[in-house]
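Participant: Sharing protein-v8.csv here; it has CSV, C-alpha atoms.
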```csv
chain,number,residue,atom,x,y,z
A,1,MET,CA,-30.0,-18.1,-0.7
A,2,ALA,CA,-26.9,-20.3,-0.9
A,3,LYS,CA,-23.5,-18.8,-0.8
A,4,ILE,CA,-22.2,-17.5,-4.1
A,5,LYS,CA,-18.8,-19.0,-4.8
A,6,THR,CA,-18.3,-19.6,-8.4
A,7,LEU,CA,-19.3,-18.1,-11.8
A,8,ASP,CA,-21.9,-20.8,-12.1
A,9,ASP,CA,-23.6,-19.6,-8.9
A,10,LEU,CA,-23.5,-16.2,-10.4
A,11,ILE,CA,-25.3,-17.4,-13.6
A,12,LYS,CA,-28.1,-19.0,-11.5
A,13,MET,CA,-28.4,-15.6,-9.9
A,14,LYS,CA,-28.5,-14.0,-13.4
A,15,ASP,CA,-31.3,-16.3,-14.5
A,16,GLU,CA,-33.3,-15.3,-11.4
A,17,VAL,CA,-33.1,-11.6,-12.1
A,18,GLN,CA,-33.2,-11.8,-15.8
A,19,SER,CA,-36.9,-11.6,-16.1
A,20,LYS,CA,-37.1,-8.6,-13.9
A,21,ILE,CA,-34.6,-6.3,-15.5
A,22,LYS,CA,-34.4,-4.3,-18.5
A,23,LEU,CA,-31.7,-4.9,-21.1
A,24,ARG,CA,-29.5,-2.2,-22.2
A,25,GLU,CA,-30.9,-1.8,-25.7
A,26,ASN,CA,-29.5,1.6,-26.3
A,27,SER,CA,-25.8,0.7,-25.8
A,28,ASP,CA,-25.4,0.9,-29.6
A,29,HIS,CA,-26.5,4.5,-29.6
A,30,PRO,CA,-24.5,6.2,-26.9
A,31,GLU,CA,-25.6,9.6,-28.3
A,32,ASN,CA,-29.1,8.9,-27.0
A,33,LEU,CA,-27.9,8.2,-23.5
A,34,ILE,CA,-27.2,10.4,-20.6
A,35,GLN,CA,-23.5,10.2,-19.8
A,36,VAL,CA,-22.2,10.7,-16.3
A,37,LYS,CA,-18.4,10.8,-16.0
A,38,VAL,CA,-16.9,10.9,-12.6
A,39,GLY,CA,-13.4,12.2,-12.3
A,40,MET,CA,-11.4,9.4,-10.8
A,41,ALA,CA,-7.8,10.4,-11.0
A,42,THR,CA,-5.5,10.7,-7.9
A,43,CYS,CA,-7.2,13.9,-6.8
A,44,GLY,CA,-10.7,12.5,-7.3
A,45,ILE,CA,-10.1,9.3,-5.5
A,46,ALA,CA,-8.4,11.1,-2.6
A,47,SER,CA,-11.5,13.2,-2.2
A,48,GLY,CA,-13.9,10.3,-2.2
A,49,ALA,CA,-15.0,10.1,-5.8
A,50,LYS,CA,-15.5,6.4,-5.4
A,51,GLU,CA,-18.5,7.0,-3.1
A,52,THR,CA,-19.9,9.5,-5.7
A,53,LEU,CA,-19.4,7.0,-8.5
A,54,LYS,CA,-21.2,4.3,-6.5
A,55,TYR,CA,-24.0,6.7,-5.7
A,56,PHE,CA,-24.6,7.6,-9.3
A,57,VAL,CA,-24.5,3.9,-10.4
A,58,GLU,CA,-27.0,2.9,-7.7
A,59,GLU,CA,-29.3,5.9,-8.0
A,60,THR,CA,-29.6,5.9,-11.8
A,61,GLU,CA,-30.4,2.2,-11.6
A,62,ARG,CA,-33.0,2.7,-8.8
A,63,GLN,CA,-34.7,5.5,-10.8
A,64,ALA,CA,-34.3,3.5,-14.1
A,65,ILE,CA,-32.6,6.4,-15.7
A,66,ASP,CA,-31.0,5.5,-19.0
A,67,ALA,CA,-27.6,6.7,-18.1
A,68,VAL,CA,-24.0,5.4,-18.6
A,69,VAL,CA,-21.9,6.1,-15.6
A,70,THR,CA,-18.2,5.9,-16.1
A,71,GLN,CA,-14.9,6.9,-14.7
A,72,THR,CA,-12.8,9.5,-16.3
A,73,GLY,CA,-9.5,11.2,-15.7
A,74,CYS,CA,-8.7,14.5,-14.0
A,75,MET,CA,-10.6,17.4,-15.6
A,76,GLY,CA,-8.2,19.9,-14.2
A,77,TYR,CA,-10.4,21.2,-11.3
A,78,CYS,CA,-8.6,19.3,-8.5
A,79,TYR,CA,-9.6,21.9,-5.9
A,80,ALA,CA,-13.3,21.1,-6.5
A,81,GLU,CA,-13.1,17.3,-6.4
A,82,PRO,CA,-15.1,15.1,-6.7
A,83,THR,CA,-16.0,16.5,-10.1
A,84,VAL,CA,-18.7,15.1,-12.3
A,85,GLU,CA,-19.3,15.8,-16.0
A,86,VAL,CA,-22.9,15.3,-17.2
A,87,ILE,CA,-23.8,15.1,-20.8
A,88,LEU,CA,-27.5,15.2,-21.6
A,89,PRO,CA,-28.3,14.0,-25.2
A,90,GLY,CA,-27.7,16.8,-27.7
A,91,LYS,CA,-26.4,19.2,-25.1
A,92,GLU,CA,-23.0,20.6,-24.2
A,93,PRO,CA,-21.2,18.9,-21.3
A,94,VAL,CA,-21.6,20.5,-17.9
A,95,VAL,CA,-19.1,20.0,-15.0
A,96,PHE,CA,-20.2,20.1,-11.4
A,97,GLY,CA,-17.7,20.4,-8.5
A,98,TYR,CA,-17.8,19.2,-4.9
A,99,VAL,CA,-20.2,16.4,-5.7
A,100,ASN,CA,-20.9,14.4,-2.6
A,101,ASN,CA,-23.9,12.2,-2.3
A,102,THR,CA,-26.3,15.0,-1.5
A,103,LYS,CA,-25.1,17.0,-4.5
A,104,ALA,CA,-25.3,13.9,-6.6
A,105,GLN,CA,-28.9,13.5,-5.6
A,106,GLU,CA,-29.6,17.1,-6.5
A,107,ILE,CA,-27.9,16.7,-9.9
A,108,ILE,CA,-30.0,13.7,-10.7
A,109,ASP,CA,-33.3,15.1,-9.5
A,110,LYS,CA,-32.9,18.6,-11.0
A,111,TYR,CA,-30.4,18.5,-13.9
A,112,ILE,CA,-30.8,15.0,-15.2
A,113,ASN,CA,-34.5,14.5,-14.7
A,114,LYS,CA,-35.8,18.0,-15.3
A,115,GLY,CA,-33.0,19.8,-17.1
A,116,GLU,CA,-32.9,22.6,-14.5
A,117,LEU,CA,-29.4,23.9,-13.7
A,118,VAL,CA,-28.2,23.6,-10.1
A,119,ASP,CA,-25.5,25.4,-8.2
A,120,GLY,CA,-22.0,24.2,-8.3
A,121,ILE,CA,-21.4,24.3,-12.0
A,122,ILE,CA,-17.8,25.0,-12.9
A,123,PRO,CA,-18.3,27.9,-15.1
A,124,ILE,CA,-15.9,27.3,-17.9
A,125,SER,CA,-16.8,26.1,-21.4
A,126,PHE,CA,-15.7,22.5,-21.1
A,127,LYS,CA,-14.5,20.0,-23.7
A,128,THR,CA,-14.6,16.4,-22.7
A,129,ILE,CA,-11.0,15.3,-22.1
A,130,ASP,CA,-9.6,13.0,-24.6
A,131,GLU,CA,-8.0,10.1,-22.8
B,1,MET,CA,-4.7,7.3,-0.9
B,2,LYS,CA,-5.8,5.4,2.1
B,3,THR,CA,-6.1,1.9,0.8
B,4,PHE,CA,-4.7,-0.4,-1.8
B,5,ALA,CA,-8.0,-0.4,-3.5
B,6,ASP,CA,-7.6,3.4,-4.0
B,7,HIS,CA,-4.1,3.0,-5.4
B,8,ILE,CA,-5.2,0.3,-7.7
B,9,THR,CA,-8.1,2.3,-9.1
B,10,ASP,CA,-5.7,5.2,-9.6
B,11,ILE,CA,-2.9,3.3,-11.3
B,12,THR,CA,-5.2,1.4,-13.6
B,13,LEU,CA,-6.4,4.7,-14.9
B,14,ASN,CA,-2.9,5.2,-16.3
B,15,SER,CA,-3.2,1.8,-18.1
B,16,ILE,CA,-6.6,2.8,-19.5
B,17,ALA,CA,-5.1,6.1,-20.7
B,18,ALA,CA,-2.4,4.0,-22.4
B,19,LYS,CA,-5.2,2.3,-24.3
B,20,ALA,CA,-4.7,-1.1,-22.7
B,21,ASN,CA,-7.4,-3.8,-23.2
B,22,LEU,CA,-5.9,-6.2,-20.7
B,23,ILE,CA,-5.0,-5.1,-17.2
B,24,GLU,CA,-3.7,-7.6,-14.7
B,25,ILE,CA,-3.9,-6.8,-11.0
B,26,MET,CA,-1.9,-9.1,-8.9
B,27,VAL,CA,-1.8,-9.1,-5.1
B,28,GLU,CA,0.5,-11.4,-3.2
B,29,GLU,CA,0.8,-11.7,0.5
B,30,ASP,CA,3.8,-13.6,1.8
B,31,LYS,CA,3.8,-13.6,5.6
B,32,SER,CA,6.8,-15.9,5.8
B,33,LEU,CA,9.0,-13.3,4.0
B,34,ASN,CA,6.9,-10.5,5.5
B,35,LEU,CA,6.1,-9.1,2.1
B,36,TYR,CA,2.9,-7.6,0.5
B,37,THR,CA,3.3,-7.2,-3.2
B,38,ILE,CA,1.0,-5.4,-5.7
B,39,LYS,CA,1.6,-5.7,-9.4
B,40,ILE,CA,-0.4,-4.0,-12.1
B,41,LYS,CA,0.5,-5.0,-15.6
B,42,ASP,CA,-1.1,-3.8,-18.8
B,43,ASN,CA,-0.7,-4.2,-22.6
B,44,GLY,CA,-1.0,-0.5,-23.3
B,45,CYS,CA,1.2,1.6,-25.4
B,46,GLY,CA,4.1,1.6,-22.9
B,47,MET,CA,6.7,4.2,-22.3
B,48,SER,CA,10.2,5.0,-23.4
B,49,LYS,CA,13.0,4.8,-20.9
B,50,GLU,CA,13.1,8.5,-20.4
B,51,LEU,CA,9.4,8.7,-19.9
B,52,SER,CA,9.3,5.8,-17.4
B,53,GLN,CA,12.0,7.6,-15.3
B,54,GLN,CA,10.0,10.8,-15.4
B,55,ALA,CA,6.7,9.1,-14.6
B,56,VAL,CA,7.6,8.3,-10.9
B,57,GLN,CA,8.8,11.8,-10.3
B,58,PRO,CA,6.2,13.8,-8.3
B,59,PHE,CA,4.5,16.4,-10.4
B,60,PHE,CA,5.1,14.6,-13.7
B,61,THR,CA,2.1,14.1,-15.9
B,62,THR,CA,1.3,13.6,-19.6
B,63,ARG,CA,-2.1,15.1,-19.3
B,64,LYS,CA,-2.9,18.6,-20.3
B,65,THR,CA,-5.7,19.4,-17.9
B,66,ARG,CA,-3.4,20.0,-15.0
B,67,LYS,CA,0.2,20.5,-14.5
B,68,ILE,CA,1.1,17.9,-11.9
B,69,GLY,CA,0.6,14.1,-11.5
B,70,LEU,CA,1.1,12.3,-8.2
B,71,GLY,CA,-0.5,8.9,-8.7
B,72,LEU,CA,2.7,6.8,-9.2
B,73,SER,CA,4.8,8.9,-6.8
B,74,PHE,CA,2.3,8.4,-4.0
B,75,PHE,CA,2.3,4.7,-4.6
B,76,LYS,CA,6.1,4.6,-4.6
B,77,GLN,CA,6.3,6.8,-1.5
B,78,ASN,CA,3.9,4.6,0.4
B,79,ALA,CA,5.9,1.4,-0.5
B,80,GLU,CA,9.2,2.9,0.4
B,81,GLN,CA,7.9,4.3,3.6
B,82,THR,CA,7.2,0.7,4.8
B,83,GLY,CA,10.8,-0.4,3.9
B,84,GLY,CA,9.6,-1.9,0.6
B,85,SER,CA,10.5,-1.2,-2.9
B,86,PHE,CA,9.0,0.1,-6.2
B,87,GLU,CA,9.7,-0.9,-9.7
B,88,LEU,CA,8.3,0.3,-13.1
B,89,GLN,CA,9.0,-1.6,-16.2
B,90,SER,CA,7.9,-0.4,-19.6
B,91,ALA,CA,8.8,-0.4,-23.2
B,92,PRO,CA,7.0,1.3,-26.1
B,93,GLY,CA,4.5,-1.1,-27.7
B,94,LYS,CA,5.0,-3.7,-24.9
B,95,GLY,CA,2.9,-2.3,-22.1
B,96,THR,CA,3.8,-1.3,-18.6
B,97,CYS,CA,4.2,-3.2,-15.3
B,98,VAL,CA,4.2,-1.4,-12.0
B,99,LYS,CA,5.3,-3.4,-9.0
B,100,ALA,CA,5.2,-2.1,-5.4
B,101,VAL,CA,6.5,-4.2,-2.5
B,102,PHE,CA,5.4,-3.4,1.1
B,103,LYS,CA,6.5,-4.8,4.4
B,104,HIS,CA,3.5,-6.9,5.4
B,105,ASN,CA,3.6,-6.1,9.2
B,106,HIS,CA,4.7,-2.4,8.8
B,107,ILE,CA,2.3,0.0,10.5
B,108,ASP,CA,2.2,2.2,7.5
B,109,ARG,CA,1.2,-0.5,5.0
B,110,PRO,CA,-2.2,0.5,3.8
B,111,ALA,CA,-5.1,-1.8,4.3
B,112,ILE,CA,-6.5,-3.6,1.3
B,113,GLY,CA,-9.8,-1.6,1.4
B,114,ASP,CA,-12.8,-2.7,-0.6
B,115,LEU,CA,-11.0,-4.2,-3.5
B,116,ALA,CA,-14.0,-6.2,-4.7
B,117,GLU,CA,-16.0,-3.0,-5.0
B,118,ALA,CA,-13.2,-1.1,-6.7
B,119,TYR,CA,-12.9,-4.0,-9.1
B,120,ILE,CA,-16.6,-4.0,-10.0
B,121,LEU,CA,-16.6,-0.2,-10.5
B,122,LEU,CA,-13.7,-0.6,-12.9
B,123,LEU,CA,-15.7,-3.3,-14.9
B,124,ILE,CA,-18.8,-1.1,-15.1
B,125,SER,CA,-16.9,1.9,-16.2
B,126,HIS,CA,-14.7,0.3,-18.8
B,127,GLU,CA,-16.6,-2.5,-20.5
B,128,GLY,CA,-14.1,-3.1,-23.3
B,129,ILE,CA,-11.2,-3.9,-21.0
B,130,ASP,CA,-10.4,-7.3,-19.6
B,131,PHE,CA,-9.4,-7.0,-16.0
B,132,HIS,CA,-7.7,-9.9,-14.3
B,133,TYR,CA,-7.4,-10.0,-10.6
B,134,THR,CA,-5.3,-12.5,-8.8
B,135,HIS,CA,-4.9,-12.7,-5.0
B,136,LYS,CA,-2.4,-15.0,-3.5
B,137,THR,CA,-1.9,-15.8,0.1
B,138,GLY,CA,-0.2,-18.7,2.1
B,139,ASP,CA,-3.6,-20.4,2.0
B,140,GLY,CA,-4.2,-20.4,-1.7
B,141,GLU,CA,-4.9,-18.3,-4.8
B,142,TYR,CA,-8.0,-16.7,-6.3
B,143,LYS,CA,-8.2,-15.5,-9.8
B,144,ILE,CA,-11.0,-13.8,-11.7
B,145,LYS,CA,-11.2,-12.5,-15.2
B,146,SER,CA,-13.7,-9.9,-16.2
B,147,ALA,CA,-14.1,-11.0,-19.8
B,148,GLU,CA,-15.2,-14.4,-18.5
B,149,ILE,CA,-17.7,-12.8,-16.1
B,150,LEU,CA,-19.2,-10.6,-18.8
B,151,GLN,CA,-19.3,-13.5,-21.3
B,152,LYS,CA,-21.2,-15.6,-18.9
B,153,LEU,CA,-23.6,-12.8,-18.0
B,154,GLY,CA,-24.3,-12.3,-21.6
B,155,ASN,CA,-26.4,-9.3,-22.3
B,156,ILE,CA,-27.3,-8.5,-18.7
B,157,SER,CA,-25.4,-5.4,-17.6
B,158,LEU,CA,-23.6,-5.2,-14.3
B,159,THR,CA,-25.5,-2.0,-13.7
B,160,ASN,CA,-28.1,-4.3,-12.2
B,161,SER,CA,-27.6,-3.9,-8.5
B,162,GLN,CA,-28.6,-7.5,-7.6
B,163,LEU,CA,-26.0,-8.9,-10.0
B,164,ARG,CA,-23.5,-6.4,-8.9
B,165,ASN,CA,-24.0,-7.4,-5.2
B,166,ALA,CA,-23.9,-11.1,-6.1
B,167,LEU,CA,-20.6,-10.6,-7.9
B,168,LYS,CA,-19.2,-8.7,-5.0
B,169,GLU,CA,-20.3,-11.4,-2.6
B,170,MET,CA,-18.7,-14.0,-4.8
B,171,ILE,CA,-15.4,-12.2,-4.8
B,172,ASP,CA,-15.5,-11.5,-1.1
B,173,ASN,CA,-16.4,-15.1,-0.3
B,174,ASN,CA,-13.5,-16.4,-2.3
B,175,LEU,CA,-11.1,-13.9,-0.7
B,176,THR,CA,-12.2,-14.8,2.7
B,177,GLU,CA,-11.6,-18.5,1.9
B,178,ILE,CA,-7.9,-17.8,1.2
B,179,ASN,CA,-7.7,-15.6,4.4
B,180,ILE,CA,-6.6,-12.4,2.9
B,181,THR,CA,-5.5,-9.7,5.3
B,182,ARG,CA,-8.3,-7.1,5.6
```
Once you've parsed the file, please lay out its structure as C-alpha cells.

Facilitator:
Amino acid sequence: MAKIKTLDDLIKMKDEVQSKIKLRENSDHPENLIQVKVGMATCGIASGAKETLKYFVEETERQAIDAVVTQTGCMGYCYAEPTVEVILPGKEPVVFGYVNNTKAQEIIDKYINKGELVDGIIPISFKTIDE
Amino acid sequence: MKTFADHITDITLNSIAAKANLIEIMVEEDKSLNLYTIKIKDNGCGMSKELSQQAVQPFFTTRKTRKIGLGLSFFKQNAEQTGGSFELQSAPGKGTCVKAVFKHNHIDRPAIGDLAEAYILLLISHEGIDFHYTHKTGDGEYKIKSAEILQKLGNISLTNSQLRNALKEMIDNNLTEINITR
C-alpha cells in the first residue's frame, strides 16, 4: 500500500476498512458499555500506564468487546500504579492495581468477559473521581 | 518521565481537568539557537496568579485523591537541568500556557518518544477535545488537528486498529519528512 501522507490518504484507508468494521452504535448510551479507565497522571505514566492503556485498546478491539477505554487522573493509589478502574454496566466500579499487560489480559478474560473477580483489587469502596 | 511524549501526556491531563476543549501542543526545534521548545496551550478555566505560582511547586495539587502533585515540577526541573527555562502563563477564564525550553544538544534533554502514539491515545480517550499538534524544525512545519481528522473519518471510531495504525503512520511519515530529532 502507498505511503500515507495526508488526510485524504487516510480517508481512502477508511473506505477500505469501513465495510469490515462495526460502528459504535452504543456511544449514545454509555451506561450500557463497559468502561475501562486507566490512571494516567504523573504516577501512572511513570509506571508505564501508556503500555497498559494501549493493551486495553488493542485487546478490547481484537475481542470485539464493547468497551470504552479512556484515560483518567490519579485515583490516589500511586504505590500500585498502573491502576485501572473497570465499570461493568450496572455494577459498582472496581479498581485493580499493578496492571501490566499480563494482568490486563487476566482482567479482560476473567472480570470483563465472565464477571469473575481476580486478584489485585484495591479493596476500598471506590467512587469515580470527578475530574 | 523519560520522554517528551510522557511529559506531554501528563501536562495535557491538567488541561483536561481544567475543562479545556482545545489543547495546542507545539514543539519547536531550533538547532541554530540550540533550543528545543515545548508549548502546551489550552482554553481551560485558567488559574489565578497565586495558583499559577503554587502549581509549579513540587507537591502542589488541586486534586483530592492524593496529597502531592509533581507533573509540572518534573517538567520544570527537566528543562532547567538542561540549562533551559520554564514559564507558566495563566489567567482565570483565559486558559493556561505552559512553555518549557530545553537546550537541544544537552545530554539530559529527554528524547521525543513516541509522540504520534501518545497523540492518538489522547484522541481516543478524549473525543470531545480538539488537539492541535504542531512540530517545527529547520526543515519545515507539520500541523495536525484532531477535530479535522475525526470529521473526515466520520462515524468510524479510531478504536479500529487499522485506522489507528494508518493515522500513526501518517503522522510519523510527516514528522520524518521534516527531520525531527528522534

Participant: Can you work out which one of B:Ser85, B:Thr134, B:Thr159, B:Asn179 has the shortest atom-to-atom distance to chain A, counting all atoms listed in the file?

Facilitator: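 Checking each candidate against chain A, we get B:Thr159 as the closest.
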
Participant: Could you pull the residues within 9 Å of Tyr142 of chain B, counting all atoms listed in the file, minus those fewer than 6 positions along the same chain, as a PyMOL selection string?

Facilitator: chain B and resi 133-136+171+174-175+178

Participant: Please identify every residue of chain B that has at least one atom no more than 10 Å from any atom of chain A, counting all atoms listed in the file, and report them as a ChimeraX atom specification.

Facilitator: /B:1-2,6-7,9-14,16-19,63-72,74,117-118,121-127,144,148-149,152-164,166-174,177

Participant: Record the distance separating atom CA of Gly97 of chain A and atom CA of Pro58 of chain B, expressed in Å with one decimal.

Facilitator: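 Here the two named atoms are 24.8 Å from each other.
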
Participant: I'd like the interatomic distance between atom CA of Lys94 of chain B and atom CA of Thr37 of chain B, to a tenth of an Å.

Facilitator: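 Separation of atom CA of Lys94 of chain B and atom CA of Thr37 of chain B: 22.0 Å.
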
Participant: For a quick check of understanding, using all atoms listed in the file, which of B:Thr181, B:Ser146, B:Gln54, B:Gln89 has the smallest distance to Asn21 of chain B?

Facilitator: B:Ser146

Participant: At a cut-off of 7 Å around the point (-17.0, 14.4, -14.0) (file coordinates), what residues fall inside when counting only C-alpha atoms? I'd like the answer as a ChimeraX atom specification.

Facilitator: /A:36-39,72,83-86,95

Participant: For atom CA of Phe56 of chain A and atom CA of Lys143 of chain B, quote the distance in Å rounded to one decimal.

Facilitator: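 These atoms are spaced 28.3 Å apart.
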